[in-house]
Every structure is written in C-alpha cells, then in structure tokens.
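Okay, structure first, notes after.
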Number of protein chains: 2
Amino acid sequence: MTEPGGAPATTARRRVPARQGSLREHNLALVLRHVLDAAGPAGDAPPPSRADVATATGLTRGAVSALVDLLIGARLVAELPPAATARAGRPAVPLVPASGTVVGLGAEVNVDYVGVRALDLAGRVLAHRETRGDYRRSDPARVLGVLAALVGEVRAALPAGARLAGMCLALPGLVDRGTGPLRLAPNLGWRDVDVVALLAGHPEVDGLAVRLANEANLAARAEARAGAAGQSFLYVSGEVGIGAAIVLDGEVFAGRHGWSGELGHTVVDQRGPRCTCGARGCLEQYAGKDALLRAAGRDVEEPVDVLLAAAGAGDERTARALRSAGDALGVALANFVNLVDVERVVLGGIYAPLAPWLTDAVVGQLRSRVLAAAWADARVGVAAGGEHAALDGAALVVLRAVADDPAAWLA
Amino acid sequence: MTEPGGAPATTARRRVPARQGSLREHNLALVLRHVLDAAGPAGDAPPPSRADVATATGLTRGAVSALVDLLIGARLVAELPPAATARAGRPAVPLVPASGTVVGLGAEVNVDYVGVRALDLAGRVLAHRETRGDYRRSDPARVLGVLAALVGEVRAALPAGARLAGMCLALPGLVDRGTGPLRLAPNLGWRDVDVVALLAGHPEVDGLAVRLANEANLAARAEARAGAAGQSFLYVSGEVGIGAAIVLDGEVFAGRHGWSGELGHTVVDQRGPRCTCGARGCLEQYAGKDALLRAAGRDVEEPVDVLLAAAGAGDERTARALRSAGDALGVALANFVNLVDVERVVLGGIYAPLAPWLTDAVVGQLRSRVLAAAWADARVGVAAGGEHAALDGAALVVLRAVADDPAAWLA
DNA sequence: CGAGGTTTGTCTTGTGAACGAACTTATCGC
DNA sequence: GCGATAAGTTCGTTCACAAGACAAACCTCG
C-alpha cells in the first residue's frame, strides 16, 4: 500500500479486518525486511541465518523457517553456502536478498538528461542507460519517446528470468501522487502533461506499471537509504529550481497531493526581484543555479564546475555570491525547521559540491533563527546519494513495494 | 503506541512479529473505533448494531459478536435498548461508547488561565474546573500547585467506578514529546522546567500517567476531530505568540522532538524589527497579539475584543492593522503550503474571531504565492473547536490511547 | 390469528498460522 | 570417538476467525 513516489504521510491505521492471512503477510514482510536491511548499504553486518532472524524478530525458529522457505521459493531471498566459523555447533546458512530475480526500474527526465536504471533487491545495478541533452522547453512526446527507447534497452539487458516489478519516473516538478498527470515542470516547460498515457503508447513499456514522483522526493529516498535508518531530515535539491523533500523517520512525506517541497518559492524578501512564478523575492532568485551564476558574474549556461574552480582559486566575487546564496538558503531553511522540527538538513544537487562554501552561512542562519537551536542544533550535511540519487530512489520505490508485500510474489 | 501529544510522524511499520493475539487486538480496536466514530461529533448517524459493524468492517457477525462482548465486559461499549423500527426482522441492539466508565483528563496551563477537564469515551464532559489569572513570568511550582488542586477537584467530581486513563497537559511552548521536560515557554517565562516531576509531588495527581504536549498541537487535534475525518490542514493558533500544528490525514505531526509548528518565528522581513527570540522580522512582530494591538493604537494589555468592536465599527486604523497582519500571516503560510502541501489552513486562537478581517489578505497572499494554487487552492477556514480546544485535544489524546489499545483494558 | 418471510445474534465446526517442545543435523573441542 | 553446542526441522497444541446452520424476535399479509 505504499503510495507511489512515497509512503503516505501517515500510515493511517488501516480500516481492514485482520484475518489469519494478515498474520502471514505481516510476518513474511518482517522476515524479508530483516534480510534486506542486514544486507543494506551499511551492510558491514554478516548475512543473518534463520536463527538470527528468529531472535531478532521474536518469532520462533520454526516459524521463521517456514517463512524463509516461502521467500526462497518466491526468489526473493537466497541462501549462501555455510560460512566456516570457528564456533561450535551446526554452521548457519547465511540468507541474502536474491539478486537478479526481481527488479525495479528507476527513470528520470531532467533538464539536461534522460536516464533509466534497473536495480535488484540486493541493491545491484543490473543495467543503466542515459542520454544527455538539452530538454528545456522540450516536447513531452519526443522526450518520452527517448525515454521509452532507453527502457527497451534496459529491459533487453536484464538477466533471463528477471521479473520486472514496475517503474517509477522522476520528474522535476509538481506531480500528482502516483499516476496523476504532471502538473507543472517549469524548467522543462511542461504543464499538465499526462506522462503515463504518453508512455503507455510505446511498446517498450508494455505491461509495465508506471508511477511518477517528484525528483527531489526520490533523491531524498535514496539519501534516506544511504544514511542511518529512521532519521528525519530535509533534503534540498539545488538545480535551476530548488526542490526539497521532507523525510520523517525515514519515510518521505509527499503531502496531500504529492506536491510537497517547493522550497524554491519560499519568500526571502517580499520586495525582492520578480520570480518566474509571478511572486517577488523567491529563494530561487537568490540561490538557484542561474541566480548563483549571475551573481558570480558568469553566464547562465555555464556548468557549476566553474564556480567550484573559481571559489577554490580564491575568487572573491564568487565567494561573496556563494555566501549570500547561503544566507538566503539559511533563512528559508530556518523557517522550515521552526515549522517542521527535523534534525538535519542535507544539501544535494549542485549544493553538494558547493557545500564547503555554503554551509557556514546556512549554519549561521539556522543557529540564530531556529527557536530550538539551543537544545538541538539542526545539523547540515552533504548528500551522499551520488549523481544518480533520483534514479536510485525511483527504483527503490518500486522495490520497496515488493518488500512491503512479499505475499503478492509467492505465486 | 501513540506518541504522547501526537501520533508518531509516520507510523513506522512496527517491527514486531504478529501473533495470534495481535489479530484479536487489531480487530478489537477496529470494532471499538467503529462504534466510537459512529457516535463522533458528526454523530447524526444512529448507533450501529453488531450486524452493522460486521458489514462495515468486513468481519463476520460471529467474530464481531465475540469482540463486542469483550468490549462490553471491559465497559468500553454499552448496549442501548432496542429501538422500535418499522422494519421486518429482529430489531438491532444499538451499540454506543460507554459513558462515565473510562475517562481522559485534559489540562492546560496558559498565559491567562489554568484548566482541567474530564472527558469520557462518549465525548461527554464529566467535569471541568478552571482558574483565571495572569501567569506571565510565573513560578512553575506555584502554578502547577494550582493545577494539581484543580485535578483533585475534577477527580472528586467523577462518577463512581470511573477509571482514569491518564492525563495530558497542554503548554504554550516547546515540549519534548511525551514526558520530556518543557524546554521553553516564552510567554510564561518558563525554561527547562521538568513539569512532570513537579506535578508528581502533589497527592492529587498520584497514580496518574501525565504526558505533555504543545498547546497548538492539541487544539489542532480537537479541530481534526470536529471536522471531517482524515483531512490535512495547518492549524494556526494566534495568541501572544503564534503557534501552528500540522495535521496530515487526520494525524497531528509533532516533529522529531515534538517541537513542530513555531510559525511565529518565520521570517517575514529580514530587515524587520527585532523579536524576543533574537532574530529580526519574525511573523510574531507583525501578526502576534501584542503587535496587532500596538498597530491598532491600543494598549498591549487590552483584550482582543476591542479590535473586534473597532473593526466592526469601521475604524480605519484597526482595519489597516488587521489587513497588514493578514498579509504577513499570508506570506508565512504561503511558504508553508509550498513546502508541505496541505489542503486547508484553519485559523484558531484570536484569529478565529478576527477571521472576517484577516482572511481576504491571507487568501490573496496564498493565491499569488502558492505554486500549486492553480490546481488546488489552499482553503482558509475558521477553527470550530471552541474556547477549550486545547483542553479537549489533551483529553482526546488520552482517550485515543485507550481506543487504540482496548485489549489493555479487558482486565 | 397464524404462516411465511426477514433480520439479528449465537453456536458449532473447520482451517490456517504461530508456538513450544522434541528431534535431527552438523561442527568443534578434547 | 564422544560430549557440547548451535542450526534447522517436525509434530502436536492453541488460538482466532470464516462459514454456515440455528434460534430468537419482529413484520406482513391472508
């Protein structure tokens, strides 16, 4: 029951009766989750045995055995050859997520590239294709054709016997939760585009359940997976626009319609310059990519790397531009932290490489403006998700649905 | 497992095994919730029978019968005499929440009053005591002594055989989730006060589980109950300070530590007047009670009623003060709605009576600044919770815990 | 007034899932 | 080789719900 593109804001206590089967479903998911988590990105822990799972979950060994057998039968879990331990007793059979059997497809359409990537339950990248290009003010049908072709290539590259669990597409804009239309992607120049319908016309995506989600939300999901479990943070995705995603206890919160996180249009100064959205003094006009380049005396078309180089070389104008962007960002974030009380802010997108020149200003604003700062400073960190965070997050959404309802994969 | 003062942000999939008993617990809660909801504040629906509950929940009549019998035995549900219906067949036995058997205590310490109120599962007020006074810069120990005395009076007024499920105390400030200390209540002048420990010393609260929560969060909870189920809104509590609470799908979100909703310290203008919190241009300086009175040419000590009267009489200065407060509030709320995507804003506290003079400005700002406004206008409404919303919300928190885990009350 | 129909609530039987307690398997240490 | 130890399996028991028959209470209509 995960909402596409993010778990529901609050998992409203489900108003359904619990029957015998619910028990099994729950415990099946419990066991699978345990195996998955142990093999997670922070996977320094050795793979757990049935007995380990039993003690960790509180189920009996007998029950776990039965459940694990089901999961192995469904090719969601695999056994490793018993490891030689210098311990008395029968050696344990290590359990790991099955690799190459069930795959999630992550896709992304962004201003400068289109990409598709396939991940399996073990977190392995089974296939990846991308095309660079300029997709500002582009034609949705054409761009989605490019995407469909990439999907076709990725599907062809999957190992035999792999089952596709679905696809999630990351888009830089307002997306209705799940399959609803794309409302507005300012930087692509798209508005009210029924992306799912356009994709459905292509034979490459035939038989594939496609859901949509906001790019920042998905990147945040990848970030949540990369970091410690169950944390709360605000993920800031700096690009031409400035997106953000709210992660509460490890879950991405997408809002009523799925439109959360439009940090770029937070008002920094009511009398400031006019923004593309029509209002005045939006954060985007102070700390967006274009604004940043302009303030540093650069051309809007230049890559952010030039700022990195200039700042590194000690260019004063660039440093000043970055500091003032950091201040504006800090004000917006302070407002946010006062309202939502997260413990951490993660800088992603172009802010990740620029973080060394931004964090001081951001931290300063947070410290002076957040009411609770005296008790728990909101920490500022840098995204660890890497360049393909949104793509990974999208694939993870799909795999997450599998992990949450393994019973559906038993047949 | 409700978090005191609010459900956890996301009901993280519980990492516990489901056993046979979990089934019963779940279905017991399901049945009880159905009976409670049917008798809710929008309780125009007739009380449901066992058969009604069975069809509504999807359980069989046999299962429901067994569960209802348990609930009646625990005095959580009661039967009404069969109503005479002009219908064929055996007449149904109406089921209602038991009254006067299990009670939740709501309490509040605020700037100008201290109160305690007892609610039962049927939503009836069994007892209510309050003391008016000026508690700015007050001594916590003394004020809590007053509160304890009120608790004693309320307990004495309860019907014989009533079982107290606990107490929740509303405070106007940063409160650590649950029993953690009160960090900061600027307008009471309290800072780092261990309220629970101070209360525990009084014999009147002996044997009573006490939890703390933020006043606005609790008022929002009462508001959520008063309105339609499962909505998402931002509750704004205008007083001397400006609190807010985030309600997502009917659940109050309290944030990582429980400090969410400090709307008053959202920056409206970086170059604005200095605030008590140390920063510049906080919303509180534009739309807080004191600021509002000052802008209208009044004394800070006067009640808000004078504004109401003046505005009603057509006083231009008052109208201007209210409009500009509404603008500031609107900017802050627009920032918020862009970030969190709620569908409704509810004006509470002093904003409720003043709403006729505020909403236009607020709505205007929302319309021009919220990116998604073209697709789903955030509506602005007035709180329906009444004067004792926080008190009711506090009692509801306690009763909610009972409703969520009726199995604990079977003995 | 009584037979037939309808709806509610109870009771009985059967099934599925987990628990607990043996029991088997596999390795280590002496 | 043999006990000690731990992992995994099997079997009987327990518990909760589904399904459906049954009893009770009420209406309607001839």
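By convention in this document, the chains of the structure tokens carry letters A, B, ... by their order, each chain's residues are numbered from 1, and ligands are numbered from 1 in the order they are shown.
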
Quick check for you: according to DSSP on this backbone, which residues of region 211-354 of chain B are classed as strand (DSSP E or B)? Reply as a count of residues only. 31

I'd like the contact shell of region 33-42 of chain A - 8 Å cut-off, only C-alpha atoms (C1' of nucleotides), skipping same-chain residues fewer than 2 positions apart - returned as a VMD selection string. chain A and resid 29 to 31 44 to 48 53 77 95 to 97 121 to 123 225 to 227 403 to 404

Take the residues just selected and output them with N, CA and C atoms as a PDB file, in the first residue's frame.
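After the write, again_26.pdb holds the following:
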```pdb
ATOM      1  N   ALA A  29       6.697 -10.174   5.532  1.00  0.00           N
ATOM      2  CA  ALA A  29       7.343  -8.897   5.264  1.00  0.00           C
ATOM      3  C   ALA A  29       8.384  -8.604   6.335  1.00  0.00           C
ATOM      4  N   LEU A  30       8.082  -8.973   7.552  1.00  0.00           N
ATOM      5  CA  LEU A  30       9.013  -8.741   8.659  1.00  0.00           C
ATOM      6  C   LEU A  30      10.330  -9.475   8.423  1.00  0.00           C
ATOM      7  N   VAL A  31      10.212 -10.728   8.047  1.00  0.00           N
ATOM      8  CA  VAL A  31      11.411 -11.534   7.820  1.00  0.00           C
ATOM      9  C   VAL A  31      12.187 -11.020   6.610  1.00  0.00           C
ATOM     10  N   ASP A  44      27.807  -3.824   6.658  1.00  0.00           N
ATOM     11  CA  ASP A  44      29.012  -4.443   7.203  1.00  0.00           C
ATOM     12  C   ASP A  44      28.655  -5.683   8.021  1.00  0.00           C
ATOM     13  N   ALA A  45      27.387  -5.792   8.382  1.00  0.00           N
ATOM     14  CA  ALA A  45      26.959  -6.954   9.157  1.00  0.00           C
ATOM     15  C   ALA A  45      26.949  -8.191   8.267  1.00  0.00           C
ATOM     16  N   PRO A  46      27.312  -9.334   8.821  1.00  0.00           N
ATOM     17  CA  PRO A  46      27.256 -10.571   8.026  1.00  0.00           C
ATOM     18  C   PRO A  46      25.813 -10.951   7.777  1.00  0.00           C
ATOM     19  N   PRO A  47      25.550 -11.688   6.707  1.00  0.00           N
ATOM     20  CA  PRO A  47      24.166 -12.086   6.424  1.00  0.00           C
ATOM     21  C   PRO A  47      23.603 -12.899   7.567  1.00  0.00           C
ATOM     22  N   PRO A  48      22.360 -12.666   7.925  1.00  0.00           N
ATOM     23  CA  PRO A  48      21.767 -13.370   9.066  1.00  0.00           C
ATOM     24  C   PRO A  48      21.337 -14.783   8.685  1.00  0.00           C
ATOM     25  N   VAL A  53      17.438 -14.340  12.439  1.00  0.00           N
ATOM     26  CA  VAL A  53      16.176 -13.654  12.148  1.00  0.00           C
ATOM     27  C   VAL A  53      15.164 -13.956  13.250  1.00  0.00           C
ATOM     28  N   VAL A  77      14.637 -14.265  -1.624  1.00  0.00           N
ATOM     29  CA  VAL A  77      15.769 -14.477  -0.720  1.00  0.00           C
ATOM     30  C   VAL A  77      16.557 -15.669  -1.256  1.00  0.00           C
ATOM     31  N   LEU A  95      21.580 -15.908   4.864  1.00  0.00           N
ATOM     32  CA  LEU A  95      20.480 -15.518   3.979  1.00  0.00           C
ATOM     33  C   LEU A  95      20.753 -14.128   3.412  1.00  0.00           C
ATOM     34  N   VAL A  96      20.602 -13.993   2.126  1.00  0.00           N
ATOM     35  CA  VAL A  96      20.807 -12.692   1.467  1.00  0.00           C
ATOM     36  C   VAL A  96      19.637 -12.412   0.521  1.00  0.00           C
ATOM     37  N   PRO A  97      19.441 -11.140   0.191  1.00  0.00           N
ATOM     38  CA  PRO A  97      18.435 -10.823  -0.811  1.00  0.00           C
ATOM     39  C   PRO A  97      18.815 -11.494  -2.127  1.00  0.00           C
ATOM     40  N   LEU A 121      16.878  -6.522  -5.713  1.00  0.00           N
ATOM     41  CA  LEU A 121      16.662  -6.451  -4.264  1.00  0.00           C
ATOM     42  C   LEU A 121      17.974  -6.342  -3.501  1.00  0.00           C
ATOM     43  N   ALA A 122      19.035  -6.875  -4.092  1.00  0.00           N
ATOM     44  CA  ALA A 122      20.324  -6.811  -3.419  1.00  0.00           C
ATOM     45  C   ALA A 122      20.955  -5.427  -3.546  1.00  0.00           C
ATOM     46  N   GLY A 123      20.314  -4.551  -4.294  1.00  0.00           N
ATOM     47  CA  GLY A 123      20.846  -3.213  -4.462  1.00  0.00           C
ATOM     48  C   GLY A 123      21.829  -3.105  -5.620  1.00  0.00           C
ATOM     49  N   ARG A 225      18.122   5.990   2.427  1.00  0.00           N
ATOM     50  CA  ARG A 225      18.649   4.632   2.425  1.00  0.00           C
ATOM     51  C   ARG A 225      20.151   4.624   2.673  1.00  0.00           C
ATOM     52  N   ALA A 226      20.819   5.639   2.119  1.00  0.00           N
ATOM     53  CA  ALA A 226      22.273   5.692   2.278  1.00  0.00           C
ATOM     54  C   ALA A 226      22.661   5.960   3.724  1.00  0.00           C
ATOM     55  N   GLY A 227      21.853   6.774   4.430  1.00  0.00           N
ATOM     56  CA  GLY A 227      22.196   7.145   5.798  1.00  0.00           C
ATOM     57  C   GLY A 227      21.652   6.152   6.807  1.00  0.00           C
ATOM     58  N   ALA A 403       9.055  -5.303  -1.200  1.00  0.00           N
ATOM     59  CA  ALA A 403       9.471  -5.680   0.149  1.00  0.00           C
ATOM     60  C   ALA A 403       8.319  -5.564   1.138  1.00  0.00           C
ATOM     61  N   ASP A 404       7.409  -4.631   0.864  1.00  0.00           N
ATOM     62  CA  ASP A 404       6.300  -4.431   1.789  1.00  0.00           C
ATOM     63  C   ASP A 404       5.206  -5.465   1.619  1.00  0.00           C
TER      64      ASP A 404
END
```

Wanna dump the chain A-chain D contacts at 10 Å for me, each residue with its shortest atom pair and the distance in Å to one decimal, counting only C-alpha atoms (C1' of nucleotides), ordered by chain and number, as a Markdown table?
```
| residue | atom | partner | partner_atom | distance |
| --- | --- | --- | --- | --- |
| A:Ala18 | CA | D:DC17 | C1' | 8.9 |
| A:Arg19 | CA | D:DC17 | C1' | 6.4 |
| A:Gln20 | CA | D:DC17 | C1' | 7.1 |
| A:Ser49 | CA | D:DA7 | C1' | 8.6 |
| A:Arg50 | CA | D:DG8 | C1' | 8.0 |
| A:Ala51 | CA | D:DA7 | C1' | 6.9 |
| A:Asp52 | CA | D:DA7 | C1' | 10.0 |
| A:Arg61 | CA | D:DG8 | C1' | 7.8 |
| A:Gly62 | CA | D:DT9 | C1' | 7.4 |
| A:Ser65 | CA | D:DG8 | C1' | 7.5 |
| A:Ala66 | CA | D:DT9 | C1' | 9.7 |
| A:Arg87 | CA | D:DT5 | C1' | 8.8 |
| A:Ala88 | CA | D:DT5 | C1' | 5.5 |
| A:Gly89 | CA | D:DA6 | C1' | 4.0 |
| A:Arg90 | CA | D:DA7 | C1' | 5.3 |
| A:Pro91 | CA | D:DA7 | C1' | 6.6 |
| A:Ala92 | CA | D:DA7 | C1' | 5.9 |
| A:Val93 | CA | D:DA7 | C1' | 8.2 |
```

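The interatomic distance for the pair CA of Ala157 (chain B) and CA of Gly393 (chain B) works out to 20.5 Å.
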
Set the cut-off to 6 Å and count only C-alpha atoms: what are the residues of chain B that reach chain A? Output as a list of chain:residue names. B:Thr10, B:Thr11, B:Pro17, B:Ala18, B:Leu23, B:Asn27, B:Gly255, B:Arg256, B:Trp259, B:Ser260, B:Gly261, B:Glu262, B:Leu263, B:Thr266, B:Ala279, B:Asn335, B:Asn338, B:Leu339, B:Val340, B:Asp341, B:Val342, B:Arg369

Interface rows for chain C against chain B: nearest pair, Å to one decimal, 7 Å, only C-alpha atoms (C1' of nucleotides), as JSON lines:
```
{"residue": "C:DT6", "atom": "C1'", "partner": "B:Gly89", "partner_atom": "CA", "distance": 4.7}
{"residue": "C:DT7", "atom": "C1'", "partner": "B:Gly89", "partner_atom": "CA", "distance": 4.0}
{"residue": "C:DT8", "atom": "C1'", "partner": "B:Arg90", "partner_atom": "CA", "distance": 5.3}
{"residue": "C:DA18", "atom": "C1'", "partner": "B:Arg19", "partner_atom": "CA", "distance": 6.3}
```

Would you list, as a ChimeraX atom specification, the residues of region 347-378 of chain A that end up in helix (DSSP H, G or I) under DSSP run on this structure's backbone? /A:351-369,371-374

Generate a file of the selected residues that holds C-alpha atoms, formatted as an mmCIF file, in the first residue's frame.
```
data_model
loop_
_atom_site.group_PDB
_atom_site.id
_atom_site.type_symbol
_atom_site.label_atom_id
_atom_site.label_comp_id
_atom_site.auth_asym_id
_atom_site.auth_seq_id
_atom_site.Cartn_x
_atom_site.Cartn_y
_atom_site.Cartn_z
ATOM 1 C CA TYR A 351 24.719 22.359 -3.415
ATOM 2 C CA ALA A 352 26.581 19.132 -2.665
ATOM 3 C CA PRO A 353 29.847 20.112 -4.378
ATOM 4 C CA LEU A 354 29.420 23.751 -3.337
ATOM 5 C CA ALA A 355 28.738 22.849 0.283
ATOM 6 C CA PRO A 356 32.159 23.899 1.621
ATOM 7 C CA TRP A 357 31.355 27.472 0.633
ATOM 8 C CA LEU A 358 27.714 27.396 1.657
ATOM 9 C CA THR A 359 27.454 25.589 4.964
ATOM 10 C CA ASP A 360 28.918 28.310 7.169
ATOM 11 C CA ALA A 361 26.283 30.801 6.066
ATOM 12 C CA VAL A 362 23.490 28.249 6.294
ATOM 13 C CA VAL A 363 24.541 27.054 9.733
ATOM 14 C CA GLY A 364 24.822 30.632 10.940
ATOM 15 C CA GLN A 365 21.274 31.458 9.889
ATOM 16 C CA LEU A 366 19.914 28.267 11.388
ATOM 17 C CA ARG A 367 21.661 28.883 14.667
ATOM 18 C CA SER A 368 20.318 32.392 15.064
ATOM 19 C CA ARG A 369 16.807 31.804 13.766
ATOM 20 C CA LEU A 371 13.977 28.624 18.223
ATOM 21 C CA ALA A 372 15.029 25.198 19.410
ATOM 22 C CA ALA A 373 18.648 25.692 18.341
ATOM 23 C CA ALA A 374 19.817 25.873 21.958
#
```

May I have the residues within 10 Å of Val196 (chain B) as a ChimeraX atom specification, using only C-alpha atoms (C1' of nucleotides) and disregarding those fewer than 5 positions away in the same chain? /B:144,169,178-182,201,209-212

Would you list the contacts of Gln285 (chain A) as a PyMOL selection string, taking every protein, DNA or RNA residue within 10 Å and counting only C-alpha atoms (C1' of nucleotides), but skipping same-chain residues closer than 2 positions in sequence? chain A and resi 240-242+264-265+267-268+272-276+280-283+287-292+325+328

Please write the residues from the selection above to a file, keeping C-alpha atoms, as a short mmCIF file (atom, residue, chain, number, x, y, z; two decimals), in the first residue's frame.
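result.cif was written with the following content:
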```cif
data_model
loop_
_atom_site.label_atom_id
_atom_site.label_comp_id
_atom_site.auth_asym_id
_atom_site.auth_seq_id
_atom_site.Cartn_x
_atom_site.Cartn_y
_atom_site.Cartn_z
CA VAL A 240 17.88 25.61 -11.69
CA GLY A 241 14.94 25.41 -9.34
CA ILE A 242 15.24 24.47 -5.71
CA GLY A 264 12.46 27.49 -4.21
CA HIS A 265 9.38 29.62 -3.89
CA VAL A 267 9.76 34.19 0.13
CA VAL A 268 13.09 35.58 1.23
CA GLY A 272 12.87 41.31 -3.93
CA PRO A 273 13.12 40.64 -7.68
CA ARG A 274 10.23 39.09 -9.51
CA CYS A 275 10.33 35.33 -9.97
CA THR A 276 9.18 33.17 -12.88
CA ARG A 280 8.51 38.53 -5.58
CA GLY A 281 11.68 37.58 -3.76
CA CYS A 282 11.51 33.80 -4.05
CA LEU A 283 14.53 31.89 -2.81
CA ALA A 287 20.16 30.72 -4.51
CA GLY A 288 19.03 28.97 -7.70
CA LYS A 289 21.64 27.88 -10.19
CA ASP A 290 21.00 30.73 -12.62
CA ALA A 291 20.97 33.34 -9.88
CA LEU A 292 24.17 31.96 -8.45
CA ALA A 325 23.13 32.45 -1.52
CA ALA A 328 19.16 33.23 1.72
#
```

Take CA of Ala390 (chain A) and CA of Leu71 (chain A) and report the distance between them in Å, one decimal. 28.7 Å

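CA of Pro172 (chain B) is positioned 7.6 Å from CA of Val109 (chain B).
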
Residues within 10 Å of Leu158 (chain A), please, as a PDB file with C-alpha atoms, in the first residue's frame. Count only C-alpha atoms (C1' of nucleotides); anything in the same chain fewer than 3 positions from it doesn't count.
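Once everything was written out, this is out.pdb:
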```
ATOM      1  CA  GLY A 100      18.774 -10.588 -10.492  1.00  0.00           C
ATOM      2  CA  THR A 101      15.363 -12.080  -9.830  1.00  0.00           C
ATOM      3  CA  VAL A 103      13.993  -5.776 -10.431  1.00  0.00           C
ATOM      4  CA  ALA A 118      17.459  -1.292 -13.141  1.00  0.00           C
ATOM      5  CA  LEU A 119      18.108  -2.302  -9.534  1.00  0.00           C
ATOM      6  CA  LEU A 126      21.692  -4.575 -13.339  1.00  0.00           C
ATOM      7  CA  ALA A 127      21.539  -2.114 -16.205  1.00  0.00           C
ATOM      8  CA  GLU A 153      17.451  -1.210 -23.951  1.00  0.00           C
ATOM      9  CA  VAL A 154      17.498  -1.717 -20.210  1.00  0.00           C
ATOM     10  CA  ARG A 155      14.856  -4.432 -20.358  1.00  0.00           C
ATOM     11  CA  GLY A 161      14.207 -14.937 -15.574  1.00  0.00           C
ATOM     12  CA  ALA A 162      14.217 -11.489 -14.008  1.00  0.00           C
ATOM     13  CA  ARG A 163      10.744 -10.246 -13.109  1.00  0.00           C
ATOM     14  CA  LEU A 164      10.029  -6.550 -13.503  1.00  0.00           C
TER      15      LEU A 164
END
```

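With only C-alpha atoms as the atoms that count, the residue of A:Leu188, A:Val398, A:Ala407, A:Leu218 with the shortest distance to Asp120 (chain A) is A:Val398.
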
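Among A:Tyr113, A:Gly312, A:Arg317, A:Pro81, the residue with the shortest atom-to-atom distance to Arg298 (chain A), counting only C-alpha atoms, is A:Arg317.
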